[in-house]
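S.K.: Dropping in target18.pdb, with PDB, C-alpha atoms, pLDDT in the B column.
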```
ATOM      1  CA  MET A  23       0.000   0.000   0.000  1.00 73.00           C
ATOM      2  CA  TRP A  24       2.729   2.485   0.989  1.00 79.00           C
ATOM      3  CA  GLU A  25       4.691   1.683  -2.160  1.00 86.00           C
ATOM      4  CA  ARG A  26       1.661   2.475  -4.341  1.00 88.00           C
ATOM      5  CA  MET A  27       1.094   5.736  -2.489  1.00 90.00           C
ATOM      6  CA  LEU A  28       4.740   6.704  -2.944  1.00 91.00           C
ATOM      7  CA  THR A  29       4.522   5.889  -6.649  1.00 91.00           C
ATOM      8  CA  ALA A  30       1.500   8.179  -7.105  1.00 92.00           C
ATOM      9  CA  LEU A  31       3.163  11.052  -5.235  1.00 91.00           C
ATOM     10  CA  ARG A  32       6.485  10.644  -7.028  1.00 92.00           C
ATOM     11  CA  GLU A  33       4.851  10.632 -10.467  1.00 91.00           C
ATOM     12  CA  ARG A  34       2.772  13.686  -9.570  1.00 92.00           C
ATOM     13  CA  GLU A  35       5.862  15.637  -8.506  1.00 91.00           C
ATOM     14  CA  ARG A  36       7.783  14.644 -11.624  1.00 91.00           C
ATOM     15  CA  VAL A  37       4.901  15.727 -13.890  1.00 92.00           C
ATOM     16  CA  GLN A  38       4.695  19.077 -12.072  1.00 90.00           C
ATOM     17  CA  LEU A  39       8.402  19.573 -12.783  1.00 88.00           C
ATOM     18  CA  GLY A  40       7.876  18.840 -16.466  1.00 89.00           C
ATOM     19  CA  ARG A  41       9.490  15.412 -16.372  1.00 91.00           C
ATOM     20  CA  ASP A  42       8.344  11.999 -17.506  1.00 90.00           C
ATOM     21  CA  PRO A  43       6.408  10.167 -14.743  1.00 92.00           C
ATOM     22  CA  THR A  44       8.946   7.329 -14.765  1.00 91.00           C
ATOM     23  CA  PRO A  45      12.712   7.933 -14.677  1.00 93.00           C
ATOM     24  CA  GLY A  46      15.252   6.900 -17.278  1.00 92.00           C
ATOM     25  CA  ALA A  47      18.261   7.121 -14.941  1.00 93.00           C
ATOM     26  CA  ALA A  48      18.819   6.319 -11.281  1.00 94.00           C
ATOM     27  CA  ILE A  49      21.440   5.970  -8.549  1.00 94.00           C
ATOM     28  CA  VAL A  50      21.943   2.886  -6.372  1.00 94.00           C
ATOM     29  CA  ASP A  51      23.547   2.816  -2.938  1.00 93.00           C
ATOM     30  CA  SER A  52      23.345   1.003   0.385  1.00 93.00           C
ATOM     31  CA  GLN A  53      23.516   1.897   4.062  1.00 92.00           C
ATOM     32  CA  SER A  54      24.340  -0.356   7.005  1.00 92.00           C
ATOM     33  CA  VAL A  55      22.194   0.383  10.068  1.00 90.00           C
ATOM     34  CA  ARG A  56      22.481  -0.875  13.620  1.00 89.00           C
ATOM     35  CA  ALA A  57      19.590  -3.024  14.784  1.00 84.00           C
ATOM     36  CA  SER A  58      17.868  -3.083  18.147  1.00 82.00           C
ATOM     37  CA  LYS A  59      17.998  -6.127  20.446  1.00 79.00           C
ATOM     38  CA  ARG A  60      15.289  -8.134  18.758  1.00 74.00           C
ATOM     39  CA  GLY A  61      14.949 -11.040  16.363  1.00 68.00           C
ATOM     40  CA  GLY A  62      14.511 -10.895  12.620  1.00 74.00           C
ATOM     41  CA  LEU A  63      17.161  -9.845  10.122  1.00 78.00           C
ATOM     42  CA  HIS A  64      20.653  -9.612  11.535  1.00 84.00           C
ATOM     43  CA  GLY A  65      24.104  -9.639  10.033  1.00 87.00           C
ATOM     44  CA  TYR A  66      27.532  -8.081  10.422  1.00 88.00           C
ATOM     45  CA  ASP A  67      29.054  -5.672   7.926  1.00 85.00           C
ATOM     46  CA  GLY A  68      32.792  -6.127   8.345  1.00 84.00           C
ATOM     47  CA  GLY A  69      33.641  -3.065   6.278  1.00 82.00           C
ATOM     48  CA  LYS A  70      31.477  -0.647   8.273  1.00 81.00           C
ATOM     49  CA  LYS A  71      31.788  -2.588  11.574  1.00 86.00           C
ATOM     50  CA  VAL A  72      28.002  -2.550  11.951  1.00 87.00           C
ATOM     51  CA  SER A  73      25.817  -5.339  13.297  1.00 88.00           C
ATOM     52  CA  GLY A  74      22.276  -5.058  11.982  1.00 89.00           C
ATOM     53  CA  ILE A  75      20.674  -4.608   8.581  1.00 91.00           C
ATOM     54  CA  LYS A  76      21.554  -3.049   5.254  1.00 93.00           C
ATOM     55  CA  ARG A  77      19.202  -0.766   3.324  1.00 93.00           C
ATOM     56  CA  HIS A  78      19.581  -0.923  -0.448  1.00 95.00           C
ATOM     57  CA  LEU A  79      18.001   2.003  -2.317  1.00 95.00           C
ATOM     58  CA  LEU A  80      17.413   2.837  -5.962  1.00 95.00           C
ATOM     59  CA  VAL A  81      16.612   6.556  -6.271  1.00 95.00           C
ATOM     60  CA  ASP A  82      15.892   8.829  -9.219  1.00 94.00           C
ATOM     61  CA  THR A  83      18.048  11.834 -10.080  1.00 90.00           C
ATOM     62  CA  ARG A  84      16.094  13.974  -7.598  1.00 91.00           C
ATOM     63  CA  GLY A  85      16.747  11.541  -4.765  1.00 91.00           C
ATOM     64  CA  THR A  86      13.221  10.134  -4.539  1.00 93.00           C
ATOM     65  CA  VAL A  87      13.105   6.457  -3.623  1.00 95.00           C
ATOM     66  CA  LEU A  88      12.103   4.169  -6.485  1.00 95.00           C
ATOM     67  CA  VAL A  89      12.712   0.745  -4.939  1.00 94.00           C
ATOM     68  CA  ALA A  90      13.933  -0.290  -1.487  1.00 95.00           C
ATOM     69  CA  CYS A  91      15.297  -3.608  -0.293  1.00 94.00           C
ATOM     70  CA  VAL A  92      16.310  -4.525   3.265  1.00 94.00           C
ATOM     71  CA  SER A  93      18.710  -7.375   3.995  1.00 93.00           C
ATOM     72  CA  PRO A  94      21.067  -8.521   6.760  1.00 92.00           C
ATOM     73  CA  ALA A  95      24.142  -6.288   6.944  1.00 91.00           C
ATOM     74  CA  SER A  96      26.317  -9.182   5.773  1.00 92.00           C
ATOM     75  CA  VAL A  97      24.722  -9.170   2.283  1.00 92.00           C
ATOM     76  CA  GLY A  98      26.914  -7.630  -0.411  1.00 91.00           C
ATOM     77  CA  ASP A  99      26.017  -4.485  -2.321  1.00 92.00           C
ATOM     78  CA  ARG A 100      25.792  -6.275  -5.676  1.00 93.00           C
ATOM     79  CA  ASP A 101      23.435  -8.922  -4.275  1.00 93.00           C
ATOM     80  CA  GLY A 102      21.143  -6.202  -2.957  1.00 93.00           C
ATOM     81  CA  ALA A 103      21.341  -4.305  -6.239  1.00 94.00           C
ATOM     82  CA  ALA A 104      20.336  -7.456  -8.137  1.00 95.00           C
ATOM     83  CA  VAL A 105      17.097  -7.543  -6.132  1.00 94.00           C
ATOM     84  CA  LEU A 106      16.499  -3.832  -6.761  1.00 94.00           C
ATOM     85  CA  PHE A 107      17.067  -4.157 -10.505  1.00 95.00           C
ATOM     86  CA  ALA A 108      14.777  -7.181 -10.757  1.00 94.00           C
ATOM     87  CA  ARG A 109      11.988  -5.293  -8.966  1.00 92.00           C
ATOM     88  CA  ALA A 110      12.534  -2.150 -11.039  1.00 93.00           C
ATOM     89  CA  ALA A 111      12.614  -3.919 -14.425  1.00 89.00           C
ATOM     90  CA  ASP A 112       8.819  -4.181 -14.698  1.00 86.00           C
ATOM     91  CA  ALA A 113       7.866  -1.092 -12.692  1.00 90.00           C
ATOM     92  CA  PHE A 114      10.127   1.344 -14.582  1.00 92.00           C
ATOM     93  CA  PRO A 115      10.315   0.409 -18.281  1.00 90.00           C
ATOM     94  CA  ARG A 116      12.275   3.589 -19.167  1.00 92.00           C
ATOM     95  CA  LEU A 117      15.043   2.890 -16.647  1.00 93.00           C
ATOM     96  CA  ARG A 118      18.223   2.149 -18.599  1.00 93.00           C
ATOM     97  CA  HIS A 119      21.113   3.815 -16.748  1.00 94.00           C
ATOM     98  CA  VAL A 120      22.206   3.483 -13.115  1.00 94.00           C
ATOM     99  CA  ARG A 121      25.174   5.163 -11.432  1.00 93.00           C
ATOM    100  CA  ALA A 122      26.888   3.438  -8.523  1.00 91.00           C
ATOM    101  CA  ASP A 123      29.983   3.539  -6.338  1.00 88.00           C
ATOM    102  CA  GLN A 124      32.917   1.124  -6.387  1.00 86.00           C
ATOM    103  CA  GLY A 125      31.049  -1.455  -4.313  1.00 87.00           C
ATOM    104  CA  TYR A 126      29.110  -2.363  -7.457  1.00 91.00           C
ATOM    105  CA  ARG A 127      32.100  -3.185  -9.657  1.00 91.00           C
ATOM    106  CA  GLY A 128      32.341  -6.491 -11.494  1.00 91.00           C
ATOM    107  CA  ALA A 129      32.061  -7.436 -15.144  1.00 92.00           C
ATOM    108  CA  ASP A 130      29.792 -10.408 -14.367  1.00 94.00           C
ATOM    109  CA  PHE A 131      27.361  -8.238 -12.397  1.00 93.00           C
ATOM    110  CA  HIS A 132      27.294  -5.550 -15.093  1.00 95.00           C
ATOM    111  CA  ALA A 133      26.722  -8.168 -17.812  1.00 95.00           C
ATOM    112  CA  TRP A 134      23.862  -9.737 -15.828  1.00 94.00           C
ATOM    113  CA  ALA A 135      22.212  -6.342 -15.248  1.00 93.00           C
ATOM    114  CA  ARG A 136      22.414  -5.500 -18.950  1.00 94.00           C
ATOM    115  CA  GLU A 137      21.111  -8.868 -20.165  1.00 94.00           C
ATOM    116  CA  ALA A 138      18.451  -9.570 -17.520  1.00 92.00           C
ATOM    117  CA  THR A 139      17.044  -6.074 -16.940  1.00 92.00           C
ATOM    118  CA  GLY A 140      18.418  -3.871 -19.739  1.00 91.00           C
ATOM    119  CA  ILE A 141      20.142  -1.613 -17.186  1.00 93.00           C
ATOM    120  CA  THR A 142      23.647  -0.272 -17.772  1.00 93.00           C
ATOM    121  CA  VAL A 143      25.642   0.274 -14.577  1.00 93.00           C
ATOM    122  CA  GLN A 144      28.182   3.104 -14.503  1.00 91.00           C
ATOM    123  CA  VAL A 145      30.656   3.051 -11.627  1.00 89.00           C
ATOM    124  CA  VAL A 146      31.509   6.639 -10.649  1.00 85.00           C
ATOM    125  CA  GLN A 147      34.856   6.881  -8.877  1.00 76.00           C
ATOM    126  CA  ARG A 148      36.289   9.600  -6.714  1.00 66.00           C
ATOM    127  CA  ARG A 149      39.119  11.647  -8.193  1.00 62.00           C
ATOM    128  CA  ASP A 150      41.519  10.200  -5.607  1.00 56.00           C
ATOM    129  CA  GLY A 151      40.539   6.664  -6.622  1.00 55.00           C
ATOM    130  CA  GLY A 152      38.958   6.028  -3.238  1.00 55.00           C
ATOM    131  CA  PHE A 153      42.222   6.397  -1.315  1.00 54.00           C
ATOM    132  CA  ARG A 154      43.512   9.173   0.907  1.00 56.00           C
ATOM    133  CA  SER A 155      47.093   8.521  -0.217  1.00 59.00           C
ATOM    134  CA  THR A 156      48.889   6.974  -3.155  1.00 64.00           C
ATOM    135  CA  TRP A 157      52.380   5.914  -4.218  1.00 68.00           C
ATOM    136  CA  ALA A 158      54.873   7.292  -6.708  1.00 71.00           C
ATOM    137  CA  LYS A 159      58.041   6.012  -8.310  1.00 79.00           C
ATOM    138  CA  VAL A 160      61.373   6.925  -6.756  1.00 83.00           C
ATOM    139  CA  GLY A 161      62.404  10.388  -7.899  1.00 81.00           C
ATOM    140  CA  ALA A 162      58.978  11.233  -9.320  1.00 83.00           C
ATOM    141  CA  PRO A 163      56.843  13.919  -7.708  1.00 80.00           C
ATOM    142  CA  PRO A 164      53.842  12.534  -5.810  1.00 71.00           C
ATOM    143  CA  PRO A 165      50.507  13.038  -7.587  1.00 68.00           C
ATOM    144  CA  ALA A 166      48.092  15.506  -6.063  1.00 67.00           C
ATOM    145  CA  VAL A 167      45.352  13.801  -4.046  1.00 63.00           C
ATOM    146  CA  PRO A 168      42.357  16.093  -3.360  1.00 61.00           C
ATOM    147  CA  LEU A 169      41.129  16.014   0.218  1.00 62.00           C
ATOM    148  CA  PHE A 170      37.513  16.549  -0.820  1.00 60.00           C
ATOM    149  CA  ALA A 171      35.659  16.387  -4.105  1.00 61.00           C
ATOM    150  CA  VAL A 172      31.975  16.028  -4.917  1.00 62.00           C
ATOM    151  CA  VAL A 173      31.421  12.811  -6.869  1.00 65.00           C
ATOM    152  CA  PRO A 174      28.992  13.362  -9.779  1.00 67.00           C
ATOM    153  CA  ARG A 175      25.435  12.228  -8.991  1.00 72.00           C
ATOM    154  CA  ARG A 176      26.431   9.818  -6.206  1.00 76.00           C
ATOM    155  CA  TRP A 177      25.727  12.492  -3.614  1.00 83.00           C
ATOM    156  CA  VAL A 178      22.031  12.276  -4.512  1.00 89.00           C
ATOM    157  CA  ALA A 179      21.658   8.854  -2.877  1.00 90.00           C
ATOM    158  CA  GLU A 180      23.660   9.975   0.165  1.00 88.00           C
ATOM    159  CA  ARG A 181      21.303  12.931   0.566  1.00 91.00           C
ATOM    160  CA  THR A 182      18.329  10.543   0.453  1.00 93.00           C
ATOM    161  CA  PHE A 183      19.813   8.514   3.314  1.00 92.00           C
ATOM    162  CA  ALA A 184      20.207  11.780   5.248  1.00 92.00           C
ATOM    163  CA  TRP A 185      16.529  12.627   4.636  1.00 91.00           C
ATOM    164  CA  LEU A 186      15.463   9.209   5.869  1.00 91.00           C
ATOM    165  CA  GLY A 187      17.765   9.419   8.880  1.00 89.00           C
ATOM    166  CA  ARG A 188      15.772  12.374  10.219  1.00 89.00           C
ATOM    167  CA  CYS A 189      12.870  10.018  10.837  1.00 87.00           C
ATOM    168  CA  ARG A 190      13.145   8.562  14.330  1.00 86.00           C
ATOM    169  CA  ARG A 191      11.709   5.241  13.161  1.00 85.00           C
ATOM    170  CA  LEU A 192      14.614   4.878  10.708  1.00 87.00           C
ATOM    171  CA  SER A 193      17.435   6.174  12.922  1.00 85.00           C
ATOM    172  CA  LYS A 194      17.881   2.541  13.966  1.00 85.00           C
ATOM    173  CA  ASP A 195      16.241  -0.664  12.797  1.00 85.00           C
ATOM    174  CA  TYR A 196      13.424  -1.629  15.155  1.00 85.00           C
ATOM    175  CA  GLU A 197      11.458  -3.933  12.858  1.00 86.00           C
ATOM    176  CA  TYR A 198      11.139  -7.712  13.051  1.00 85.00           C
ATOM    177  CA  LEU A 199       9.967  -8.306   9.478  1.00 86.00           C
ATOM    178  CA  ARG A 200      11.827  -7.224   6.345  1.00 89.00           C
ATOM    179  CA  VAL A 201       8.623  -5.960   4.711  1.00 90.00           C
ATOM    180  CA  CYS A 202       7.967  -3.660   7.699  1.00 89.00           C
ATOM    181  CA  SER A 203      11.419  -2.119   7.339  1.00 90.00           C
ATOM    182  CA  GLU A 204      10.840  -1.514   3.622  1.00 91.00           C
ATOM    183  CA  ASN A 205       7.385  -0.045   4.237  1.00 92.00           C
ATOM    184  CA  ALA A 206       8.868   2.356   6.804  1.00 92.00           C
ATOM    185  CA  ILE A 207      11.187   3.668   4.061  1.00 93.00           C
ATOM    186  CA  TYR A 208       8.316   4.082   1.585  1.00 94.00           C
ATOM    187  CA  LEU A 209       6.137   5.807   4.181  1.00 93.00           C
ATOM    188  CA  THR A 210       8.879   8.239   5.193  1.00 93.00           C
ATOM    189  CA  MET A 211       9.593   9.149   1.560  1.00 94.00           C
ATOM    190  CA  ALA A 212       5.865   9.611   0.913  1.00 93.00           C
ATOM    191  CA  MET A 213       5.635  12.017   3.855  1.00 92.00           C
ATOM    192  CA  LEU A 214       8.517  14.055   2.431  1.00 91.00           C
ATOM    193  CA  LEU A 215       6.784  14.250  -0.967  1.00 92.00           C
ATOM    194  CA  VAL A 216       3.486  15.316   0.617  1.00 92.00           C
ATOM    195  CA  ARG A 217       5.284  18.247   2.271  1.00 90.00           C
ATOM    196  CA  ARG A 218       6.913  19.218  -1.024  1.00 88.00           C
ATOM    197  CA  LEU A 219       3.666  19.063  -2.971  1.00 88.00           C
ATOM    198  CA  ALA A 220       1.840  21.060  -0.276  1.00 87.00           C
ATOM    199  CA  ARG A 221       4.197  24.017  -0.608  1.00 78.00           C
ATOM    200  CA  PRO A 222       2.741  26.929  -2.572  1.00 68.00           C
ATOM    201  CA  ALA A 223       4.179  27.374  -6.038  1.00 61.00           C
ATOM    202  CA  ARG A 224       6.814  30.117  -6.248  1.00 57.00           C
TER     203      ARG A 224
END
```
Take the structure in the file and write it out as structure tokens.
M.R.:
Amino acid sequence: MWERMLTALRERERVQLGRDPTPGAAIVDSQSVRASKRGGLHGYDGGKKVSGIKRHLLVDTRGTVLVACVSPASVGDRDGAAVLFARAADAFPRLRHVRADQGYRGADFHAWAREATGITVQVVQRRDGGFRSTWAKVGAPPPAVPLFAVVPRRWVAERTFAWLGRCRRLSKDYEYLRVCSENAIYLTMAMLLVRRLARPAR
């Protein structure tokens, strides 16, 4: 129910902005979240040192959630993205291009996405290659490594996670069922869209 409501609100906002109701491009990302002391989904993300769940999101270029998937934190990014792409294939027929970070690398994964869903995955890297330091040959000057640089389009998904994090229900995972966690994401995004649509036109 919440997913259908979010779909109606998202399409209404896109039409008001002069866009097609369904997107042709999207951004995929994931977020590991600590879970409360209860049963249900649990896992450990060794990279983020988080015990709990992982939220996988596919968002449009405005940051509005298209598809959400919740898994144990131990599930890899590409496995979560495979579920997102499979769900989005029928719901968003125009979707053909997805940007992602380096966690979604892999020729096999990219080939599967292209063949099974028609989606082309573009991995957008940071200018420093994802490292704070690098090496240089003896006698050669070290290459300049920027301390901070905005990565094209990837910041959109990070901003969406920040929006969702303002909701107390999503600050930590309190749900027992996976579907309840996903519905909480859809409901929160729908509330944000209702506030946007209620604002008077400027």
S.K.: Given the file shown, enumerate the residues that the PyMOL selection byres ((chain A and resi 93) around 9) captures and present them as a PyMOL selection string.
M.R.: chain A and resi 63-65+75-78+91-92+94-97+102+200
S.K.: How would you write, as an NGL selection string, the residues chosen by the PyMOL selection byres ((chain A and resi 109-126) around 10) on this structure?
M.R.: :A and (29 or 42-52 or 80-83 or 88-91 or 98-108 or 127-129 or 131-132 or 135-136 or 138-148 or 151-152 or 173-176 or 179)
S.K.: CA of Arg188 in chain A to CA of Gly40 in chain A: how many Å, to one decimal?
M.R.: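 Between CA of Arg188 in chain A and CA of Gly40 in chain A the gap works out to 28.6 Å.
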S.K.: Taking the file above as input, evaluate the PyMOL selection byres ((chain A and resi 205) around 12) and report the hits as a PyMOL selection string.
M.R.: chain A and resi 23-28+77+87+89-92+191-192+197+199-204+206-212
S.K.: Mind working out the centre and edge lengths of an axis-aligned box for range 200-204 of chain A, all listed atoms inside, 3 Å added to each side, rounded to one decimal in Å and written as JSON?
M.R.:
```
{"center_x": 9.9, "center_y": -4.4, "center_z": 5.7, "size_x": 9.9, "size_y": 11.7, "size_z": 10.1}
```
S.K.: What is the distance between CA of Asp195 in chain A and CA of Gly74 in chain A, in Å to one decimal?
M.R.: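 Pair CA of Asp195 in chain A / CA of Gly74 in chain A returns 7.5 Å.
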S.K.: What's the separation between CA of Ser58 in chain A and CA of Trp185 in chain A, in Å to one decimal place?
M.R.: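 Going from CA of Ser58 in chain A over to CA of Trp185 in chain A covers 20.8 Å.
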